[in-house]
>>> print(open('coords22.cif').read())   # mmCIF, C-alpha atoms and all ligand atoms
data_input
#
loop_
_atom_site.label_atom_id
_atom_site.label_comp_id
_atom_site.auth_asym_id
_atom_site.auth_seq_id
_atom_site.Cartn_x
_atom_site.Cartn_y
_atom_site.Cartn_z
CA MET U 5 34.03 61.55 46.27
CA VAL U 6 31.13 62.80 44.13
CA TYR U 7 30.42 60.15 41.52
CA LYS U 8 29.95 61.72 38.09
CA SER U 9 30.78 58.89 35.72
CA ILE U 10 30.75 55.17 35.92
CA LEU U 11 32.71 52.68 33.85
CA ILE U 12 31.81 49.03 33.52
CA LEU U 13 34.98 46.99 33.26
CA GLY U 14 35.78 44.17 30.84
CA ARG U 15 36.39 40.46 31.43
CA GLN U 16 39.47 41.08 33.61
CA PRO U 17 38.42 44.03 35.78
CA ALA U 18 41.80 44.52 37.50
CA ILE U 19 43.41 45.23 34.12
CA GLY U 20 40.71 47.79 33.33
CA ARG U 21 41.24 49.43 36.74
CA ALA U 22 45.01 49.71 36.23
CA GLU U 23 44.43 51.20 32.78
CA LEU U 24 42.12 53.88 34.24
CA GLU U 25 44.49 54.62 37.10
CA SER U 26 47.29 55.06 34.59
CA LEU U 27 45.25 57.58 32.57
CA TYR U 28 43.35 59.48 35.27
CA GLY U 29 45.25 58.89 38.53
CA GLY U 30 44.01 56.99 41.57
CA ARG U 31 42.46 60.02 43.29
CA HIS U 32 39.76 60.38 40.61
CA LEU U 33 38.69 56.73 40.82
CA GLU U 34 36.74 54.61 43.24
CA PRO U 35 36.20 50.92 42.57
CA ILE U 36 32.55 50.50 43.61
CA SER U 37 32.05 46.83 42.83
CA GLN U 38 33.82 43.94 41.14
CA GLN U 39 32.81 45.13 37.67
CA ALA U 40 32.48 48.88 38.02
CA ILE U 41 34.48 51.94 38.88
CA ALA U 42 33.19 55.44 39.61
CA LEU U 43 35.02 58.65 38.67
CA ASP U 44 34.59 62.21 39.88
CA ILE U 45 35.03 63.57 36.34
CA GLU U 46 32.33 64.18 33.73
CA PRO U 47 31.77 61.45 31.11
CA ASP U 48 32.51 63.81 28.22
CA THR U 49 36.05 64.34 29.54
CA ILE U 50 36.76 60.60 29.46
CA ALA U 51 38.52 59.36 26.31
CA PHE U 52 36.33 56.26 26.20
CA GLY U 53 37.35 55.31 22.63
CA ARG U 54 40.92 54.61 23.73
CA LEU U 55 40.01 52.39 26.68
CA GLY U 56 40.53 48.71 25.96
CA GLY U 57 39.52 47.52 29.43
CA SER U 58 36.13 49.22 29.89
CA ILE U 59 32.96 48.19 28.09
CA ARG U 60 30.47 50.94 29.01
CA LEU U 61 30.57 54.54 30.13
CA GLY U 62 27.63 56.11 31.93
CA VAL U 63 26.62 59.37 33.52
CA VAL U 64 25.65 58.89 37.16
CA LEU U 65 22.02 59.86 37.84
CA ALA U 66 21.60 58.83 41.47
CA GLU U 67 22.90 56.86 44.41
CA ILE U 68 19.99 54.87 45.78
CA PRO U 69 20.36 53.66 49.39
CA SER U 70 18.88 50.23 48.64
CA LYS U 71 19.52 46.99 46.78
CA GLU U 72 15.87 45.96 46.84
CA TRP U 73 14.65 45.48 43.27
CA SER U 74 11.18 46.93 43.92
CA VAL U 75 12.73 50.14 45.28
CA LEU U 76 15.11 50.41 42.33
CA ALA U 77 12.37 49.75 39.79
CA GLN U 78 10.21 52.48 41.35
CA TYR U 79 13.09 54.90 41.29
CA VAL U 80 13.79 54.31 37.59
CA ALA U 81 10.07 54.70 36.80
CA LYS U 82 10.08 58.02 38.68
CA ILE U 83 12.99 59.54 36.76
CA LEU U 84 12.08 58.16 33.33
CA PRO U 85 9.71 61.01 32.29
CA GLU U 86 12.49 63.54 32.95
CA ARG U 87 14.94 61.49 30.83
CA LEU U 88 12.35 61.25 28.04
CA ARG U 89 12.03 65.03 27.93
CA GLN U 90 15.73 65.19 27.01
CA LEU U 91 15.18 63.11 23.84
CA PRO U 92 13.92 64.26 20.42
CA GLN U 93 10.11 64.25 20.44
CA GLU U 94 9.78 62.24 17.18
CA GLY U 95 10.82 58.67 16.38
CA LYS U 96 10.68 55.23 17.97
CA LEU U 97 12.51 54.97 21.28
CA LYS U 98 14.72 52.09 22.36
CA LEU U 99 14.98 51.18 26.00
CA GLY U 100 17.32 48.83 27.86
CA LEU U 101 18.12 47.88 31.46
CA SER U 102 21.39 46.41 32.67
CA VAL U 103 22.21 45.28 36.18
CA PHE U 104 25.75 44.57 37.31
CA ASP U 105 27.10 42.71 40.34
CA SER U 106 23.71 41.37 41.25
CA THR U 107 21.57 38.28 40.79
CA VAL U 108 18.27 39.90 39.81
CA ASP U 109 16.33 37.47 37.64
CA ASN U 110 15.35 38.13 34.04
CA ARG U 111 11.61 37.87 34.72
CA GLN U 112 11.79 40.69 37.26
CA LEU U 113 13.81 42.72 34.78
CA LEU U 114 11.27 42.07 32.03
CA ARG U 115 8.37 43.09 34.30
CA THR U 116 10.12 46.35 35.14
CA GLY U 117 10.98 46.89 31.47
CA LEU U 118 7.32 46.52 30.52
CA GLU U 119 6.30 49.02 33.21
CA LEU U 120 8.85 51.48 31.82
CA LYS U 121 7.54 50.86 28.32
CA LYS U 122 4.03 51.81 29.52
CA ILE U 123 5.37 55.08 30.92
CA CYS U 124 6.93 55.87 27.54
CA LYS U 125 3.73 55.00 25.72
CA LYS U 126 1.70 57.30 27.97
CA THR U 127 3.72 60.18 26.58
CA GLY U 128 2.53 59.18 23.10
CA ARG U 129 5.87 57.62 22.08
CA SER U 130 6.38 54.20 20.56
CA VAL U 131 9.18 52.22 22.16
CA ARG U 132 11.10 48.99 21.74
CA LEU U 133 12.31 47.26 24.88
CA VAL U 134 15.57 45.35 24.36
CA PRO U 135 15.00 41.99 26.08
CA ASN U 136 17.50 40.73 28.66
CA THR U 137 18.83 37.19 28.41
CA GLU U 138 21.26 38.09 31.21
CA PRO U 139 20.97 40.75 33.95
CA ALA U 140 23.21 42.97 31.78
CA LEU U 141 22.72 43.52 28.06
CA SER U 142 25.74 42.68 25.90
CA SER U 143 27.81 45.36 24.17
CA ALA U 144 26.43 44.03 20.85
CA GLN U 145 22.83 44.54 22.04
CA VAL U 146 23.56 48.08 23.20
CA LEU U 147 25.42 48.91 20.00
CA HIS U 148 23.03 47.36 17.51
CA ASN U 149 19.93 48.76 19.18
CA GLN U 150 21.58 52.19 19.34
CA LEU U 151 20.86 52.56 23.05
CA THR U 152 23.47 55.32 23.25
CA GLY U 153 22.01 57.11 20.22
CA ASP U 154 19.60 60.07 20.15
CA LEU U 155 16.53 57.89 20.65
CA GLY U 156 18.01 55.35 23.05
CA ILE U 157 18.19 54.95 26.82
CA GLU U 158 20.03 52.27 28.72
CA PHE U 159 19.83 52.42 32.50
CA LEU U 160 22.75 50.89 34.37
CA LEU U 161 22.21 49.68 37.91
CA VAL U 162 25.33 48.74 39.82
CA HIS U 163 25.13 47.28 43.30
CA SER U 164 27.81 48.66 45.56
CA GLY U 165 27.83 47.71 49.25
CA THR U 166 24.41 48.56 50.62
CA LYS U 167 23.49 50.97 47.85
CA THR U 168 22.92 51.00 44.11
CA ILE U 169 24.36 53.45 41.63
CA LEU U 170 21.98 54.37 38.83
CA ALA U 171 23.51 55.67 35.62
CA GLN U 172 22.62 56.13 31.98
CA THR U 173 24.94 54.75 29.33
CA THR U 174 26.62 57.38 27.18
CA ALA U 175 29.08 55.14 25.29
CA VAL U 176 29.60 51.46 24.62
CA GLN U 177 32.68 49.60 23.45
CA ASP U 178 32.60 49.62 19.66
CA ILE U 179 33.10 45.93 18.98
CA THR U 180 32.38 46.42 15.27
CA ALA U 181 35.21 48.94 14.88
CA TYR U 182 37.62 46.66 16.80
CA ALA U 183 36.74 43.69 14.58
CA ASP U 184 37.19 45.84 11.50
CA ARG U 185 40.66 47.03 12.56
CA ASP U 186 41.63 43.52 13.54
CA GLN U 187 40.27 41.52 10.60
CA ASN U 188 40.33 43.90 7.64
CA ARG U 189 43.89 45.19 7.86
CA PRO U 190 45.81 43.89 4.85
CA LYS U 191 48.58 41.99 6.69
CA ARG U 192 48.03 39.51 9.48
CA ASP U 193 50.22 36.66 10.67
CA ALA U 194 48.91 33.90 12.91
CA ARG U 195 52.48 32.81 13.65
CA VAL U 196 53.47 36.03 15.45
CA GLY U 197 50.14 35.93 17.25
CA MET U 198 47.09 38.08 17.02
CA LEU U 199 47.19 40.90 19.51
CA PRO U 200 43.59 42.08 19.99
CA PRO U 201 43.36 45.86 19.37
CA LYS U 202 41.77 46.42 22.77
CA LEU U 203 44.71 44.74 24.50
CA ALA U 204 47.04 46.92 22.40
CA GLN U 205 45.14 49.97 23.71
CA ILE U 206 45.58 48.77 27.30
CA ILE U 207 49.33 48.25 26.78
CA ILE U 208 49.67 51.75 25.32
CA ASN U 209 47.59 53.34 28.09
CA LEU U 210 49.66 51.62 30.77
CA ALA U 211 52.82 52.92 29.06
CA THR U 212 51.79 56.47 28.19
CA GLY U 213 49.81 57.35 31.33
CA LEU U 214 49.19 61.08 31.33
CA LEU U 215 51.21 61.86 28.16
CA GLU U 216 49.09 64.08 25.95
CA PRO U 217 48.18 62.34 22.67
CA THR U 218 49.99 64.48 20.11
CA ASN U 219 52.51 63.39 17.51
CA ALA U 220 55.20 65.11 19.59
CA HIS U 221 54.82 62.11 21.91
CA VAL U 222 56.07 59.00 20.18
CA VAL U 223 55.32 55.43 21.29
CA LEU U 224 58.10 52.95 20.52
CA ASP U 225 57.33 49.26 19.88
CA PRO U 226 60.67 47.41 19.50
CA PHE U 227 58.86 44.09 18.74
CA CYS U 228 56.29 45.62 16.40
CA GLY U 229 55.40 42.54 14.31
CA THR U 230 52.40 43.38 12.12
CA GLY U 231 51.99 46.74 13.86
CA VAL U 232 48.85 46.45 16.02
CA ILE U 233 50.32 48.62 18.79
CA LEU U 234 51.61 51.20 16.27
CA GLN U 235 48.18 51.24 14.66
CA GLU U 236 46.36 51.85 17.95
CA ALA U 237 48.92 54.45 19.10
CA ALA U 238 48.44 56.33 15.81
CA LEU U 239 44.66 56.22 16.23
CA MET U 240 45.01 57.74 19.70
CA GLY U 241 47.02 60.58 18.15
CA TYR U 242 50.54 59.57 19.24
CA GLY U 243 53.50 59.38 16.91
CA SER U 244 54.67 55.77 16.48
CA TYR U 245 58.04 54.15 16.01
CA GLY U 246 58.31 50.45 15.28
CA THR U 247 61.30 48.15 15.02
CA ASP U 248 61.45 44.37 14.56
CA LEU U 249 64.07 41.77 13.87
CA GLU U 250 62.31 40.47 10.77
CA PRO U 251 62.24 42.57 7.58
CA ARG U 252 58.95 40.92 6.62
CA MET U 253 57.32 42.22 9.78
CA ILE U 254 58.44 45.76 9.00
CA ASP U 255 56.85 45.40 5.54
CA TYR U 256 53.65 44.16 7.19
CA SER U 257 53.58 47.02 9.68
CA ARG U 258 54.12 49.51 6.86
CA ALA U 259 51.27 48.07 4.79
CA ASN U 260 48.93 48.07 7.80
CA LEU U 261 49.79 51.64 8.78
CA GLU U 262 49.33 52.86 5.20
CA TRP U 263 45.93 51.14 5.15
CA LEU U 264 45.02 52.88 8.41
CA ALA U 265 46.22 56.28 7.18
CA GLY U 266 43.96 55.86 4.14
CA ARG U 267 40.95 55.57 6.43
CA HIS U 268 41.80 57.86 9.35
CA HIS U 269 43.96 60.87 9.63
CA SER U 270 46.85 59.42 11.64
CA PRO U 271 50.30 60.82 12.49
CA PRO U 272 53.30 59.38 10.58
CA SER U 273 55.29 56.36 11.79
CA THR U 274 58.95 55.47 11.67
CA LEU U 275 59.80 51.84 10.92
CA GLU U 276 63.22 50.17 11.05
CA ILE U 277 64.63 46.67 11.04
CA GLY U 278 66.49 45.98 14.27
CA ASP U 279 67.31 43.36 16.87
CA ALA U 280 65.96 44.77 20.14
CA THR U 281 68.76 43.15 22.12
CA THR U 282 71.43 45.25 20.34
CA PHE U 283 69.68 48.01 18.37
CA SER U 284 70.36 51.67 18.93
CA TRP U 285 67.15 53.70 18.48
CA GLN U 286 68.08 56.97 16.75
CA HIS U 287 64.65 58.63 16.75
CA PRO U 288 63.18 60.13 19.90
CA PHE U 289 60.37 58.39 21.78
CA SER U 290 58.42 59.14 24.95
CA ALA U 291 57.17 55.71 26.05
CA VAL U 292 57.63 52.05 25.13
CA ALA U 293 54.65 49.76 24.50
CA ALA U 294 55.24 46.27 23.18
CA GLU U 295 54.13 42.70 23.02
CA THR U 296 57.51 41.04 23.18
CA TYR U 297 58.59 37.63 21.95
CA LEU U 298 56.21 35.15 23.63
CA GLY U 299 58.05 31.93 22.82
CA ARG U 300 56.50 29.14 20.87
CA PRO U 301 52.71 28.70 20.95
CA LEU U 302 51.56 25.79 23.13
CA SER U 303 48.27 23.95 22.76
CA THR U 304 48.85 21.49 25.62
CA TRP U 305 50.66 21.86 28.93
CA PRO U 306 54.35 21.11 28.20
CA ASN U 307 56.63 18.74 30.13
CA PRO U 308 58.93 20.46 32.65
CA GLU U 309 61.99 20.36 30.33
CA THR U 310 60.11 22.04 27.46
CA LEU U 311 58.64 24.68 29.75
CA GLN U 312 62.08 25.35 31.19
CA GLU U 313 63.57 25.72 27.71
CA VAL U 314 60.85 28.09 26.37
CA ARG U 315 60.92 30.14 29.54
CA SER U 316 64.67 30.46 29.53
CA THR U 317 64.79 31.49 25.82
CA CYS U 318 62.19 34.22 26.39
CA ASN U 319 63.91 35.33 29.57
CA THR U 320 67.29 35.69 27.84
CA ILE U 321 65.89 37.77 24.96
CA LEU U 322 63.98 40.04 27.30
CA GLU U 323 66.80 40.47 29.74
CA LYS U 324 69.19 41.43 26.94
CA TYR U 325 66.60 43.81 25.50
CA LEU U 326 65.99 45.52 28.87
CA GLN U 327 69.73 45.88 29.42
CA ASN U 328 70.21 47.31 25.91
CA ILE U 329 67.44 49.89 26.11
CA ALA U 330 68.27 50.90 29.70
CA SER U 331 71.36 52.78 28.50
CA GLN U 332 69.31 54.66 25.87
CA ILE U 333 66.42 56.02 27.93
CA PRO U 334 66.15 58.75 30.55
CA SER U 335 65.18 58.17 34.16
CA GLY U 336 61.39 58.02 34.55
CA LEU U 337 60.62 56.82 31.00
CA ARG U 338 57.84 54.30 31.25
CA LEU U 339 57.48 50.94 29.54
CA CYS U 340 54.59 48.51 29.37
CA LEU U 341 55.60 45.13 28.01
CA ALA U 342 53.28 42.22 27.41
CA ILE U 343 55.62 39.36 28.27
CA PRO U 344 54.86 35.65 28.41
CA ALA U 345 53.64 33.78 31.50
CA TRP U 346 52.42 30.18 31.41
CA LYS U 347 49.14 29.16 33.03
CA ALA U 348 49.21 25.58 34.33
CA PRO U 349 46.04 23.43 34.37
CA ASN U 350 45.89 23.92 38.18
CA GLY U 351 45.79 27.72 37.65
CA HIS U 352 49.36 28.35 38.82
CA ILE U 353 51.12 31.00 36.75
CA HIS U 354 54.77 30.48 35.85
CA HIS U 355 56.38 33.91 35.45
CA LEU U 356 59.62 34.91 33.80
CA PRO U 357 62.55 34.79 36.28
CA LEU U 358 63.68 38.34 35.36
CA LEU U 359 60.71 39.76 37.30
CA ASP U 360 62.67 39.04 40.47
CA HIS U 361 65.60 41.30 39.61
CA LEU U 362 64.16 44.28 37.76
CA GLU U 363 65.72 46.67 40.26
CA LYS U 364 69.20 45.33 39.61
CA MET U 365 68.59 45.84 35.90
CA GLY U 366 67.80 49.52 36.50
CA TYR U 367 63.99 49.52 36.58
CA ASN U 368 61.23 50.13 39.12
CA ARG U 369 57.99 48.20 38.84
CA VAL U 370 55.00 50.56 38.81
CA SER U 371 52.43 49.70 41.45
CA PHE U 372 48.73 50.53 41.21
CA GLU U 373 46.36 51.43 44.04
CA CYS U 374 43.45 49.58 42.51
CA ALA U 375 45.12 46.50 41.03
CA GLU U 376 47.75 44.03 42.22
CA ALA U 377 50.67 43.26 39.90
CA HIS U 378 49.72 39.57 39.87
CA ASP U 379 46.28 40.43 38.46
CA LEU U 380 47.77 42.05 35.38
CA VAL U 381 47.99 38.80 33.45
CA TYR U 382 45.77 38.72 30.36
CA TYR U 383 44.53 35.34 29.14
CA ARG U 384 41.60 33.63 27.54
CA PRO U 385 40.31 30.69 29.59
CA GLU U 386 41.75 28.03 27.26
CA GLN U 387 45.15 29.70 26.76
CA ILE U 388 48.41 28.31 28.14
CA VAL U 389 50.64 31.20 27.10
CA ALA U 390 49.28 34.26 28.88
CA ARG U 391 50.46 37.83 28.48
CA GLU U 392 51.73 39.41 31.67
CA LEU U 393 51.51 43.21 31.56
CA LEU U 394 54.73 44.44 33.07
CA VAL U 395 54.75 48.17 33.78
CA ILE U 396 58.14 49.62 34.71
CA THR U 397 60.02 52.88 34.69
CA ARG U 398 63.72 53.49 34.17
CA LYS U 399 65.31 54.31 37.53
C1 LIG V 401 54.45 38.38 19.67
S1 LIG V 401 55.11 39.11 18.26
C2 LIG V 401 54.45 40.73 18.33
C3 LIG V 401 53.27 40.87 17.43
C4 LIG V 401 52.77 42.27 17.32
N1 LIG V 401 52.20 42.76 18.56
C5 LIG V 401 51.79 42.44 16.17
O1 LIG V 401 51.05 43.41 16.21
O2 LIG V 401 51.81 41.67 15.23
C6 LIG V 401 56.78 39.32 18.65
C7 LIG V 401 57.61 39.98 17.56
O3 LIG V 401 58.94 40.10 18.06
C8 LIG V 401 59.83 39.94 17.00
N2 LIG V 401 61.13 39.60 17.63
C9 LIG V 401 61.54 38.45 18.18
N3 LIG V 401 62.77 38.58 18.68
C10 LIG V 401 63.15 39.86 18.45
C11 LIG V 401 64.31 40.62 18.73
N4 LIG V 401 65.36 40.08 19.35
N5 LIG V 401 64.33 41.91 18.36
C12 LIG V 401 63.28 42.47 17.72
N6 LIG V 401 62.18 41.80 17.40
C13 LIG V 401 62.10 40.51 17.77
C14 LIG V 401 59.22 38.88 16.13
O4 LIG V 401 59.70 38.99 14.79
C15 LIG V 401 57.72 39.21 16.25
O5 LIG V 401 57.32 40.04 15.20
#
>>> encode(input="coords22.cif", output="structure tokens")
Amino acid sequence: MVYKSILILGRQPAIGRAELESLYGGRHLEPISQQAIALDIEPDTIAFGRLGGSIRLGVVLAEIPSKEWSVLAQYVAKILPERLRQLPQEGKLKLGLSVFDSTVDNRQLLRTGLELKKICKKTGRSVRLVPNTEPALSSAQVLHNQLTGDLGIEFLLVHSGTKTILAQTTAVQDITAYADRDQNRPKRDARVGMLPPKLAQIIINLATGLLEPTNAHVVLDPFCGTGVILQEAALMGYGSYGTDLEPRMIDYSRANLEWLAGRHHSPPSTLEIGDATTFSWQHPFSAVAAETYLGRPLSTWPNPETLQEVRSTCNTILEKYLQNIASQIPSGLRLCLAIPAWKAPNGHIHHLPLLDHLEKMGYNRVSFECAEAHDLVYYRPEQIVARELLVITRK
């Protein structure tokens, strides 16, 4: 495969890989290291803004048959003048270096950075080098120093087997925009949980796959809560349809979607009160993306009886919901549901029992070439209730 683009994956790389496979298909992807994936498509054809599981996008400049830092540093120094010619000839430049899947030390990186700075200065340009405190700069450093802007350059070096892929960053995850969507929407509710917008994007991408983002394609969230999934689906350009048991949640979703529509042009949404275990959805939809009922929040590991009770309540609701919707959707319709799983202190994950009889319930579990189903469990290190990303299609 000819590598054209490279994506650096987020904290749980397998989830990012599954998301990309869902959107672009396995044949365009090649996992090249733990944290990176190469694609044979151009960076400007990648809808980076809708990816929740990737933190950087770069254009591949070279495959260097070495992992030796001195060789890599020389190579970057050699191609830098050519990269500089592509930038506007006025204004202060910003330069950064990020290394992934390697243990290069910061002093070596700094020395190379200073050499590169000298090369820039020789061309009569002033330049700021963004200092590394880790081998890779953070998204915040790349964003705030505008390394993907007109006057910025960030080189990405990714070790892969015996070689190194050199790329230049073209986009970085916009953490400011995510925080804004998350924290400034008018209605939030800590009790129903706070679904991070980037996880909502991943859930939608796993559900919609190759569906073109137009309002003719509607994403249904039958457990819509405050509407994070509806909000992200609308931003991607899909129509959205939300239902929830609680009237208050429907009011919250409406307020949040109106707020969003006031800031971005987004397609209209349909909102209805409904119990997902019995509701009959009257409006058409093309995919289902939801964070379902996750049971009660837990701050310490529960005793076996409590775990059994929470697990069985969640399992019953979900089973009834899957049975109800099965009779209302065509064969092949795809669902991605973030369902609860419980992470024990010893790392063992307790799944919902219904995962063992999906077939009997009329569903096929979608498998991915570049991620195992058991890796699709999203959690923060301290969390007990994790979100398992279940991707299924109606048989
Ligand atoms: C984990 S929250 C989802 C939060 C949502 N992702 C958001 O953006 O706020 C689960 C939601 O499911 C709803 N719910 C629980 N049982 C339900 C049922 N049987 N039918 C429909 N909604 C239900 C709750 O009211 C709650 O809003």
>>> residues_around(input="coords22.cif", residues="segment 337-350 of chain U", least_positions_apart="6", cutoff="8 Å", atoms="all atoms listed in the file", output="ChimeraX atom specification")
/U:207-208,210-212,290-299,305,318,356,381,387-398
>>> residues_around(input="coords22.cif", residues="Arg252 of chain U", least_positions_apart="6", cutoff="12 Å", atoms="all atoms listed in the file", output="PyMOL selection string")
chain U and resi 191-193+196+228-231+258-259+275-278
>>> residues_around(input="coords22.cif", residues="Glu119 of chain U", least_positions_apart="4", cutoff="10 Å", atoms="only C-alpha atoms", output="PDB file with C-alpha atoms, in the frame of the given file")
ATOM      1  CA  ALA U  77      12.370  49.750  39.790  1.00  0.00           C
ATOM      2  CA  GLN U  78      10.210  52.480  41.350  1.00  0.00           C
ATOM      3  CA  ALA U  81      10.070  54.700  36.800  1.00  0.00           C
ATOM      4  CA  LEU U 113      13.810  42.720  34.780  1.00  0.00           C
ATOM      5  CA  LEU U 114      11.270  42.070  32.030  1.00  0.00           C
ATOM      6  CA  ARG U 115       8.370  43.090  34.300  1.00  0.00           C
ATOM      7  CA  ILE U 123       5.370  55.080  30.920  1.00  0.00           C
ATOM      8  CA  CYS U 124       6.930  55.870  27.540  1.00  0.00           C
ATOM      9  CA  LYS U 125       3.730  55.000  25.720  1.00  0.00           C
TER      10      LYS U 125
END
>>> closest_residue(input="coords22.cif", among="U:Ser284, U:Asn319, U:Thr247, U:Ser303", to="ligand LIG 401 (chain V)", atoms="only C-alpha atoms and all ligand atoms")
U:Thr247
>>> closest_residue(input="coords22.cif", among="U:His287, U:Ala237, U:Gly197, U:Ala377", to="ligand LIG 401 (chain V)", atoms="all atoms listed in the file")
U:Gly197
>>> closest_residue(input="coords22.cif", among="U:Leu24, U:Ile157, U:Ile59, U:Leu76", to="Thr173 of chain U", atoms="only C-alpha atoms")
U:Ile157
>>> residues_near_point(input="coords22.cif", point="(42.6, 47.5, 44.3)", cutoff="9 Å", atoms="all atoms listed in the file", output="list in words")
Ala18, Arg21, Ala22, Pro35, Phe372, Glu373, Cys374, Ala375 and Glu376 of chain U
>>> closest_residue(input="coords22.cif", among="U:Ala40, U:Leu27, U:Ala204, U:Met240", to="ligand LIG 401 (chain V)", atoms="all atoms listed in the file")
U:Ala204
>>> closest_residue(input="coords22.cif", among="U:Thr320, U:Ser26, U:Thr304, U:Ser244", to="Val222 of chain U", atoms="only C-alpha atoms")
U:Ser244
>>> axis_aligned_box(input="coords22.cif", around="segment 151-169 of chain U", padding_each_side="6 Å", output="lines of an AutoDock Vina configuration file")
center_x = 22.2
center_y = 53.7
center_z = 35.4
size_x = 23.3
size_y = 24.8
size_z = 42.5
>>> closest_residue(input="coords22.cif", among="U:Leu91, U:Leu322, U:Ala265, U:Leu215", to="Pro357 of chain U", atoms="only C-alpha atoms")
U:Leu322
>>> atom_distance(input="coords22.cif", atom1="atom CA of Asp154 of chain U", atom2="atom CA of Asn136 of chain U")
21.2 Å
>>> residues_around(input="coords22.cif", residues="Leu13 of chain U", least_positions_apart="4", cutoff="8 Å", atoms="all atoms listed in the file", output="number ranges by chain")
U: 17, 20-21, 39-41, 57-60
